Structure formats: C-alpha cells, structure tokens
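Trainee: Okay, handing you the structure first.
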Amino acid sequence: SICAVLNGKSVDTSMGFTPLGGIPMGTRSGDLDPSVVTYIMDKEQMKKDLGGGAVFDIGEPNTAFAQYFTGECYLNMLTTERVPVGNVTFAPGTINHYHIHHKGGQILLVTGGRGWYQEEGKPAQELHPGDVVNIPPEVKHWHGAAKDSWFQHLAIEVPAEGASNEWLEPVDPEEYAKLK
C-alpha cells in the first residue's frame with residue numbers, strides 16, 4: 001500500500017481512496033501536487049526490506065532534524081528517560097550528515113534493512129540486522145540506508161554529563177554513490 005502525508009496528515013491509500021480528497025490506490029508521488037505532499041512511501045517494500053526485526057513503529061517524519069538528512073527519515077523515541085533510545089528509519093538512499101557525539105557517544109543496534117556506517121578517514125562498514133556499532137565520544141561519523149534498501153536501527157544515546165551532538169557537513173554524494 002502507498003502511504004502519503006498531505007497537509008501534515010498521514011493517509012493510507014491501501015483501501016482505494018483516502019478520506020482527504022481521494023488519492024487512488026497505486027498513485028505515485030509524481031502524480032500528486034508537490035505543494036501538499038510531504039512524502040510518499042511504498043509500505044510493502046518497506047516491510048520487505050526491514051524484515052521481521054522491525055518490531056517498533058517507524059514513528060513520525062523526523063522534521064526536527066530533517067536539515068541533517070538527505071531524504072526521508074522517521075523517528076520514534078521509545079524512551080527519553082535516563083537513557084534515550086530512538087527507533088530511526090531511513091528510506092532508501094537516505095543518510096545523515098557527519099556528526100559528533102560529544103562526551104557520551106552513541107550505540108546503534110541494527111534491526112532491519114541494509115545500511116552503512118562510516119567514521120571519517122576509514123572505510124564504510126555495511127550494516128545488517130543484528131549488527132551493533134559502538135561509537136565512542138568525539139568520533140566524526142555518519143550512518144544511513146543503502147541506496148536500494150530501507151534501513152532501521154535503534155539509536156542509544158550514551159548518557160554523560162554535558163553530552164551534546166554536533167551536526168556537521170553532508171557526506172560527499174560522489175563518495176556515497178561509490179558504495180554498493
């Protein structure tokens with residue numbers, strides 16, 4: 001089924017026509033007025049790519065940090081008490097900018113799809129469900145989906161006094177394009 005966000009409201013076209021003015025099933029993003037469509041996704045392809053490990057809802061579009069991502073990204077904060085844990089879902093081809101976690105670091109638990117993690121100056125590491133990435137504090141890095149697959153991970157912010165996250169420049173698109 002196709003899911004779209006129109007004027008800030010999520011609509012599912014799996015039943016034929018949506019309640020917000022009738023988007024026929026099978027409609028593609030190019031057929032819709034871009035001024036009212038925030039995103040459109042193929043839910044079945046997402047479920048196929050993410051597999052059985054995707055046990056948490058993808059959440060809402062990650063609008064608060066959208067400027068630091070190259071495409072569609074969704075965030076479901078599972079908890080913000082003591083140890084913040086978020087379920088982050090990337091559409092195919094979506095990655096985040098380089099960033100640094102000061103003081104605390106971050107742990108990624110890959111739950112679905114295929115993606116990449118790369119520390120500055122090192123080769124990119126392909127990620128699959130079950131992979132764990134321990135990111136020490138002060139390490140410049142990026143992560144996100146492969147070009148052809150949805151990608152999902154749990155992001156655990158390691159608590160530390162004065163911990164912060166610094167967003168930096170985007171990944172070079174030519175470097176990302178070289179990844180298979």
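How things are named: the first chain in the structure tokens is A, the next is B, and so on; residues count from 1 in each chain; ligands count from 1 in the order shown.
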Any idea what's packed within 7 Å of segment 88-92 of chain A, counting only C-alpha atoms, ignoring anything in its chain fewer than 5 positions away? Could you give it as a PyMOL selection string?
Mentor: chain A and resi 58+72-76+144-155
Trainee: Residues near Pro129 of chain A, anyone? I mean within 9 Å using only C-alpha atoms, not counting same-chain ones fewer than 5 positions away, as a PDB file with all heavy atoms, in the first residue's frame.
Mentor:
```pdb
ATOM      1  N   LEU A  50      12.831  -4.178   5.640  1.00  0.00           N
ATOM      2  CA  LEU A  50      13.156  -4.159   7.061  1.00  0.00           C
ATOM      3  C   LEU A  50      13.064  -5.539   7.701  1.00  0.00           C
ATOM      4  O   LEU A  50      13.761  -5.819   8.666  1.00  0.00           O
ATOM      5  CB  LEU A  50      12.270  -3.160   7.810  1.00  0.00           C
ATOM      6  CG  LEU A  50      12.473  -1.698   7.439  1.00  0.00           C
ATOM      7  CD1 LEU A  50      11.523  -0.813   8.223  1.00  0.00           C
ATOM      8  CD2 LEU A  50      13.917  -1.254   7.652  1.00  0.00           C
ATOM      9  N   GLY A  51      12.214  -6.398   7.184  1.00  0.00           N
ATOM     10  CA  GLY A  51      12.126  -7.765   7.698  1.00  0.00           C
ATOM     11  C   GLY A  51      11.503  -7.846   9.082  1.00  0.00           C
ATOM     12  O   GLY A  51      10.937  -6.895   9.603  1.00  0.00           O
ATOM     13  N   GLY A  53      12.755  -8.031  12.032  1.00  0.00           N
ATOM     14  CA  GLY A  53      13.370  -7.331  13.157  1.00  0.00           C
ATOM     15  C   GLY A  53      12.763  -5.972  13.428  1.00  0.00           C
ATOM     16  O   GLY A  53      13.025  -5.361  14.449  1.00  0.00           O
ATOM     17  N   LEU A 109      21.930  -0.250  17.232  1.00  0.00           N
ATOM     18  CA  LEU A 109      21.531  -1.649  17.144  1.00  0.00           C
ATOM     19  C   LEU A 109      20.704  -1.798  15.875  1.00  0.00           C
ATOM     20  O   LEU A 109      19.570  -1.298  15.804  1.00  0.00           O
ATOM     21  CB  LEU A 109      20.692  -2.056  18.363  1.00  0.00           C
ATOM     22  CG  LEU A 109      21.307  -1.802  19.743  1.00  0.00           C
ATOM     23  CD1 LEU A 109      20.304  -2.154  20.841  1.00  0.00           C
ATOM     24  CD2 LEU A 109      22.594  -2.581  19.909  1.00  0.00           C
ATOM     25  N   VAL A 110      21.253  -2.433  14.859  1.00  0.00           N
ATOM     26  CA  VAL A 110      20.569  -2.539  13.569  1.00  0.00           C
ATOM     27  C   VAL A 110      19.461  -3.580  13.669  1.00  0.00           C
ATOM     28  O   VAL A 110      19.702  -4.725  14.042  1.00  0.00           O
ATOM     29  CB  VAL A 110      21.566  -2.895  12.449  1.00  0.00           C
ATOM     30  CG1 VAL A 110      20.840  -3.005  11.110  1.00  0.00           C
ATOM     31  CG2 VAL A 110      22.684  -1.860  12.376  1.00  0.00           C
ATOM     32  N   THR A 111      18.236  -3.161  13.314  1.00  0.00           N
ATOM     33  CA  THR A 111      17.078  -4.045  13.423  1.00  0.00           C
ATOM     34  C   THR A 111      16.486  -4.442  12.082  1.00  0.00           C
ATOM     35  O   THR A 111      15.727  -5.399  12.008  1.00  0.00           O
ATOM     36  CB  THR A 111      15.975  -3.394  14.280  1.00  0.00           C
ATOM     37  OG1 THR A 111      15.606  -2.144  13.685  1.00  0.00           O
ATOM     38  CG2 THR A 111      16.453  -3.162  15.702  1.00  0.00           C
ATOM     39  N   GLY A 112      16.794  -3.702  11.015  1.00  0.00           N
ATOM     40  CA  GLY A 112      16.204  -4.054   9.732  1.00  0.00           C
ATOM     41  C   GLY A 112      16.870  -3.368   8.561  1.00  0.00           C
ATOM     42  O   GLY A 112      17.507  -2.322   8.693  1.00  0.00           O
ATOM     43  N   GLY A 113      16.744  -4.003   7.400  1.00  0.00           N
ATOM     44  CA  GLY A 113      17.247  -3.424   6.159  1.00  0.00           C
ATOM     45  C   GLY A 113      18.756  -3.537   6.015  1.00  0.00           C
ATOM     46  O   GLY A 113      19.409  -4.365   6.647  1.00  0.00           O
ATOM     47  N   ARG A 114      19.276  -2.676   5.150  1.00  0.00           N
ATOM     48  CA  ARG A 114      20.713  -2.639   4.876  1.00  0.00           C
ATOM     49  C   ARG A 114      21.160  -1.200   4.876  1.00  0.00           C
ATOM     50  O   ARG A 114      20.489  -0.329   4.301  1.00  0.00           O
ATOM     51  CB  ARG A 114      21.003  -3.280   3.514  1.00  0.00           C
ATOM     52  CG  ARG A 114      22.485  -3.452   3.208  1.00  0.00           C
ATOM     53  CD  ARG A 114      22.682  -4.306   1.959  1.00  0.00           C
ATOM     54  NE  ARG A 114      22.340  -3.576   0.739  1.00  0.00           N
ATOM     55  CZ  ARG A 114      23.201  -2.811   0.062  1.00  0.00           C
ATOM     56  NH1 ARG A 114      24.444  -2.672   0.480  1.00  0.00           N
ATOM     57  NH2 ARG A 114      22.817  -2.206  -1.039  1.00  0.00           N
ATOM     58  N   GLN A 152      16.860   0.454   9.316  1.00  0.00           N
ATOM     59  CA  GLN A 152      16.336   0.837  10.623  1.00  0.00           C
ATOM     60  C   GLN A 152      17.318   0.436  11.717  1.00  0.00           C
ATOM     61  O   GLN A 152      17.905  -0.651  11.665  1.00  0.00           O
ATOM     62  CB  GLN A 152      14.990   0.157  10.852  1.00  0.00           C
ATOM     63  CG  GLN A 152      14.224   0.636  12.051  1.00  0.00           C
ATOM     64  CD  GLN A 152      12.845   0.019  12.071  1.00  0.00           C
ATOM     65  OE1 GLN A 152      12.697  -1.163  12.343  1.00  0.00           O
ATOM     66  NE2 GLN A 152      11.833   0.814  11.749  1.00  0.00           N
ATOM     67  N   HIS A 153      17.494   1.318  12.683  1.00  0.00           N
ATOM     68  CA  HIS A 153      18.313   0.989  13.849  1.00  0.00           C
ATOM     69  C   HIS A 153      17.745   1.659  15.085  1.00  0.00           C
ATOM     70  O   HIS A 153      17.017   2.649  15.002  1.00  0.00           O
ATOM     71  CB  HIS A 153      19.781   1.376  13.647  1.00  0.00           C
ATOM     72  CG  HIS A 153      20.053   2.838  13.498  1.00  0.00           C
ATOM     73  ND1 HIS A 153      19.796   3.781  14.474  1.00  0.00           N
ATOM     74  CD2 HIS A 153      20.591   3.531  12.470  1.00  0.00           C
ATOM     75  CE1 HIS A 153      20.162   4.978  14.058  1.00  0.00           C
ATOM     76  NE2 HIS A 153      20.643   4.859  12.837  1.00  0.00           N
TER      77      HIS A 153
END
```
Trainee: Any idea what's packed within 7 Å of Ile135 of chain A, counting only C-alpha atoms, ignoring anything in its chain fewer than 2 positions away? Could you give it as a list in words?
Mentor: Gly105, Gln106, Ile107, Val133, Pro137 and Val139 of chain A
Trainee: Please, what distance in Å, to one decimal, runs between atom CA of His99 of chain A and atom CA of Trp116 of chain A?
Mentor: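 If I compute the distance from atom CA of His99 of chain A to atom CA of Trp116 of chain A, I get 14.4 Å.
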Trainee: Residues at most 10 Å from Ala124 of chain A, counting only C-alpha atoms, excluding those fewer than 3 positions away in the same chain, as a count of residues only?
Mentor: 14
Trainee: Figure out the distance between atom CA of Phe65 of chain A and atom CA of Pro170 of chain A, please, to one decimal in Å.
Mentor: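 Taking atom CA of Pro170 of chain A as the start and atom CA of Phe65 of chain A as the end point, the length is 13.1 Å.
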Trainee: Could you pull out all residues of segment 54-167 of chain A with a DSSP call of strand (DSSP E or B) and give them as a ChimeraX atom specification?
Mentor: /A:60-61,69,73-79,85-90,95-96,99-102,106-113,115-119,125-127,132-135,141-145,151-157,164-167
